[in-house]
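Student: Here it is, the structure, as structure tokens.
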Amino acid sequence: MQPELITRRIEELLADKLLGTDCFLVDVAVSGTKIMVAIDRDTSVDIDTCAEISRYLEKHLEEEKLVTDKYILEVSSPGMTNPFKVF
């Protein structure tokens with residue numbers, strides 16, 4: 001797994017997926033077999049939104065063979081302890 005390639009591809013995929021919605025990408029972090037994606041919006045991000053984004057990313061990452069058979073993908077909203085980032 002090439003972290004830079006995965007990060008860049010996730011950013012591209014989410015730019016398309018989130019276009020026209022009130023959600024935006026906050027951060028992508030790839031470490032070993034763990035991929036953490038933080039999304040946010042002006043109102044709270046619910047579990048259904050995170051699940052939808054997770055399924056969307058899983059489909060594309062696996063179809064494009066950017067991940068190995070075993071990986072962890074975590075999609076969530078950033079917490080109070082995470083620094084705010086804008087792309």
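In the structure tokens, each chain is lettered A, B, ... as it comes, each chain's residues begin at 1, and ligands are numbered from 1 in order of appearance.
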Near Ala29 (chain A), within 9 Å and counting only C-alpha atoms, which residues show up once chain neighbours fewer than 5 positions away are dropped, as an NGL selection string?

Tutor: :A and (3 or 7 or 34-38)

Student: Please dump the current selection as a JSON list (two decimals), in the first residue's frame; keep C-alpha atoms.

Tutor:
```json
[["chain", "number", "residue", "atom", "x", "y", "z"],
["A", 3, "PRO", "CA", 0.23, 5.97, 1.47],
["A", 7, "THR", "CA", -4.29, 9.67, 0.16],
["A", 34, "LYS", "CA", -5.12, 1.77, 8.61],
["A", 35, "ILE", "CA", -6.86, 4.52, 6.63],
["A", 36, "MET", "CA", -8.54, 7.30, 8.60],
["A", 37, "VAL", "CA", -10.81, 9.79, 6.84],
["A", 38, "ALA", "CA", -12.37, 12.77, 8.61]]
```

Student: Taking the chain letters and numbering used in this document, name the residues of chain A that DSSP puts in strand (DSSP E), as a list in words.

Tutor: Cys23, Phe24, Leu25, Val26, Asp27, Val28, Ala29, Val30, Ser31, Lys34, Ile35, Met36, Val37, Ala38, Ile39, Asp40, Arg41, Ile72, Leu73, Glu74, Val75 and Ser76 of chain A

Student: Quick one: write out the picked residues with N, CA and C atoms as a PDB file, in the first residue's frame?

Tutor:
```pdb
ATOM      1  N   CYS A  23     -21.162  18.545   2.997  1.00  0.00           N
ATOM      2  CA  CYS A  23     -20.025  17.881   3.647  1.00  0.00           C
ATOM      3  C   CYS A  23     -18.720  18.299   2.975  1.00  0.00           C
ATOM      4  N   PHE A  24     -17.641  18.229   3.744  1.00  0.00           N
ATOM      5  CA  PHE A  24     -16.324  18.522   3.192  1.00  0.00           C
ATOM      6  C   PHE A  24     -15.275  17.649   3.869  1.00  0.00           C
ATOM      7  N   LEU A  25     -14.195  17.412   3.147  1.00  0.00           N
ATOM      8  CA  LEU A  25     -13.092  16.604   3.650  1.00  0.00           C
ATOM      9  C   LEU A  25     -12.251  17.431   4.607  1.00  0.00           C
ATOM     10  N   VAL A  26     -11.939  16.846   5.745  1.00  0.00           N
ATOM     11  CA  VAL A  26     -11.098  17.512   6.738  1.00  0.00           C
ATOM     12  C   VAL A  26      -9.689  16.938   6.715  1.00  0.00           C
ATOM     13  N   ASP A  27      -9.573  15.607   6.658  1.00  0.00           N
ATOM     14  CA  ASP A  27      -8.245  15.002   6.724  1.00  0.00           C
ATOM     15  C   ASP A  27      -8.282  13.573   6.206  1.00  0.00           C
ATOM     16  N   VAL A  28      -7.153  13.125   5.676  1.00  0.00           N
ATOM     17  CA  VAL A  28      -6.931  11.731   5.294  1.00  0.00           C
ATOM     18  C   VAL A  28      -5.587  11.346   5.875  1.00  0.00           C
ATOM     19  N   ALA A  29      -5.552  10.250   6.608  1.00  0.00           N
ATOM     20  CA  ALA A  29      -4.298   9.757   7.176  1.00  0.00           C
ATOM     21  C   ALA A  29      -4.178   8.267   6.877  1.00  0.00           C
ATOM     22  N   VAL A  30      -3.044   7.879   6.308  1.00  0.00           N
ATOM     23  CA  VAL A  30      -2.781   6.476   6.004  1.00  0.00           C
ATOM     24  C   VAL A  30      -1.548   6.066   6.778  1.00  0.00           C
ATOM     25  N   SER A  31      -1.702   5.015   7.578  1.00  0.00           N
ATOM     26  CA  SER A  31      -0.595   4.513   8.381  1.00  0.00           C
ATOM     27  C   SER A  31      -0.642   2.991   8.370  1.00  0.00           C
ATOM     28  N   LYS A  34      -4.005   0.978   8.081  1.00  0.00           N
ATOM     29  CA  LYS A  34      -5.122   1.768   8.608  1.00  0.00           C
ATOM     30  C   LYS A  34      -5.282   3.061   7.814  1.00  0.00           C
ATOM     31  N   ILE A  35      -6.520   3.309   7.377  1.00  0.00           N
ATOM     32  CA  ILE A  35      -6.856   4.516   6.632  1.00  0.00           C
ATOM     33  C   ILE A  35      -7.910   5.267   7.433  1.00  0.00           C
ATOM     34  N   MET A  36      -7.598   6.489   7.822  1.00  0.00           N
ATOM     35  CA  MET A  36      -8.539   7.299   8.597  1.00  0.00           C
ATOM     36  C   MET A  36      -8.941   8.511   7.765  1.00  0.00           C
ATOM     37  N   VAL A  37     -10.259   8.692   7.622  1.00  0.00           N
ATOM     38  CA  VAL A  37     -10.809   9.794   6.839  1.00  0.00           C
ATOM     39  C   VAL A  37     -11.730  10.591   7.755  1.00  0.00           C
ATOM     40  N   ALA A  38     -11.516  11.891   7.801  1.00  0.00           N
ATOM     41  CA  ALA A  38     -12.374  12.766   8.605  1.00  0.00           C
ATOM     42  C   ALA A  38     -13.157  13.678   7.667  1.00  0.00           C
ATOM     43  N   ILE A  39     -14.480  13.667   7.833  1.00  0.00           N
ATOM     44  CA  ILE A  39     -15.351  14.551   7.069  1.00  0.00           C
ATOM     45  C   ILE A  39     -16.141  15.395   8.052  1.00  0.00           C
ATOM     46  N   ASP A  40     -16.642  16.516   7.582  1.00  0.00           N
ATOM     47  CA  ASP A  40     -17.419  17.377   8.470  1.00  0.00           C
ATOM     48  C   ASP A  40     -18.416  18.174   7.646  1.00  0.00           C
ATOM     49  N   ARG A  41     -19.287  18.893   8.338  1.00  0.00           N
ATOM     50  CA  ARG A  41     -20.230  19.831   7.734  1.00  0.00           C
ATOM     51  C   ARG A  41     -20.704  20.776   8.821  1.00  0.00           C
ATOM     52  N   ILE A  72      -7.969  -1.440   7.444  1.00  0.00           N
ATOM     53  CA  ILE A  72      -8.997  -0.835   8.285  1.00  0.00           C
ATOM     54  C   ILE A  72      -9.281   0.544   7.719  1.00  0.00           C
ATOM     55  N   LEU A  73     -10.553   0.794   7.436  1.00  0.00           N
ATOM     56  CA  LEU A  73     -10.974   2.101   6.951  1.00  0.00           C
ATOM     57  C   LEU A  73     -11.899   2.703   7.998  1.00  0.00           C
ATOM     58  N   GLU A  74     -11.530   3.860   8.498  1.00  0.00           N
ATOM     59  CA  GLU A  74     -12.330   4.553   9.509  1.00  0.00           C
ATOM     60  C   GLU A  74     -12.748   5.910   8.945  1.00  0.00           C
ATOM     61  N   VAL A  75     -14.061   6.114   8.835  1.00  0.00           N
ATOM     62  CA  VAL A  75     -14.600   7.391   8.375  1.00  0.00           C
ATOM     63  C   VAL A  75     -15.365   7.996   9.535  1.00  0.00           C
ATOM     64  N   SER A  76     -14.989   9.203   9.919  1.00  0.00           N
ATOM     65  CA  SER A  76     -15.636   9.840  11.062  1.00  0.00           C
ATOM     66  C   SER A  76     -15.576  11.353  10.928  1.00  0.00           C
TER      67      SER A  76
END
```

Student: Which of these residues is nearest to Glu58 (chain A), using only C-alpha atoms: A:Tyr71, A:Gln2, A:Glu11, A:Asp46?

Tutor: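 When distances to Glu58 (chain A) are compared using only C-alpha atoms, the smallest one comes from A:Tyr71.
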
Student: May I have the residues within 12 Å of Lys59 (chain A) as a ChimeraX atom specification, using only C-alpha atoms and disregarding those fewer than 6 positions away in the same chain?

Tutor: /A:10,13,52-53,65-67,73

Student: Take the residues that were just selected and, keeping C-alpha atoms, output them as a short mmCIF file (atom, residue, chain, number, x, y, z; two decimals), in the first residue's frame.

Tutor:
```cif
data_model
loop_
_atom_site.label_atom_id
_atom_site.label_comp_id
_atom_site.auth_asym_id
_atom_site.auth_seq_id
_atom_site.Cartn_x
_atom_site.Cartn_y
_atom_site.Cartn_z
CA ILE A 10 -9.22 9.38 -1.59
CA LEU A 13 -12.83 10.46 -4.92
CA GLU A 52 -22.19 5.83 3.01
CA ILE A 53 -18.76 7.43 2.53
CA LYS A 65 -6.54 -2.49 -6.07
CA LEU A 66 -5.08 0.32 -3.96
CA VAL A 67 -5.44 -1.70 -0.76
CA LEU A 73 -10.97 2.10 6.95
#
```

Student: Using only C-alpha atoms, which residue out of A:Asp42, A:Leu14, A:Asp22, A:Lys70 lies closest to Leu57 (chain A)?

Tutor: A:Leu14

Student: Between CA of Glu4 (chain A) and CA of Gly79 (chain A), what distance in Å does the model show, to one decimal?

Tutor: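 CA of Gly79 (chain A) lies at a distance of 23.9 Å from CA of Glu4 (chain A).
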
Student: Go through A:Val45, A:Ile6, A:Ala51, A:Ala15 and flag the residue nearest Pro78 (chain A), using only C-alpha atoms for the distances.

Tutor: A:Val45

Student: Select from chain A everything DSSP, run on the backbone, classes as helix (DSSP H, G or I), then give the selection as a PyMOL selection string.

Tutor: chain A and resi 3-18+47-63
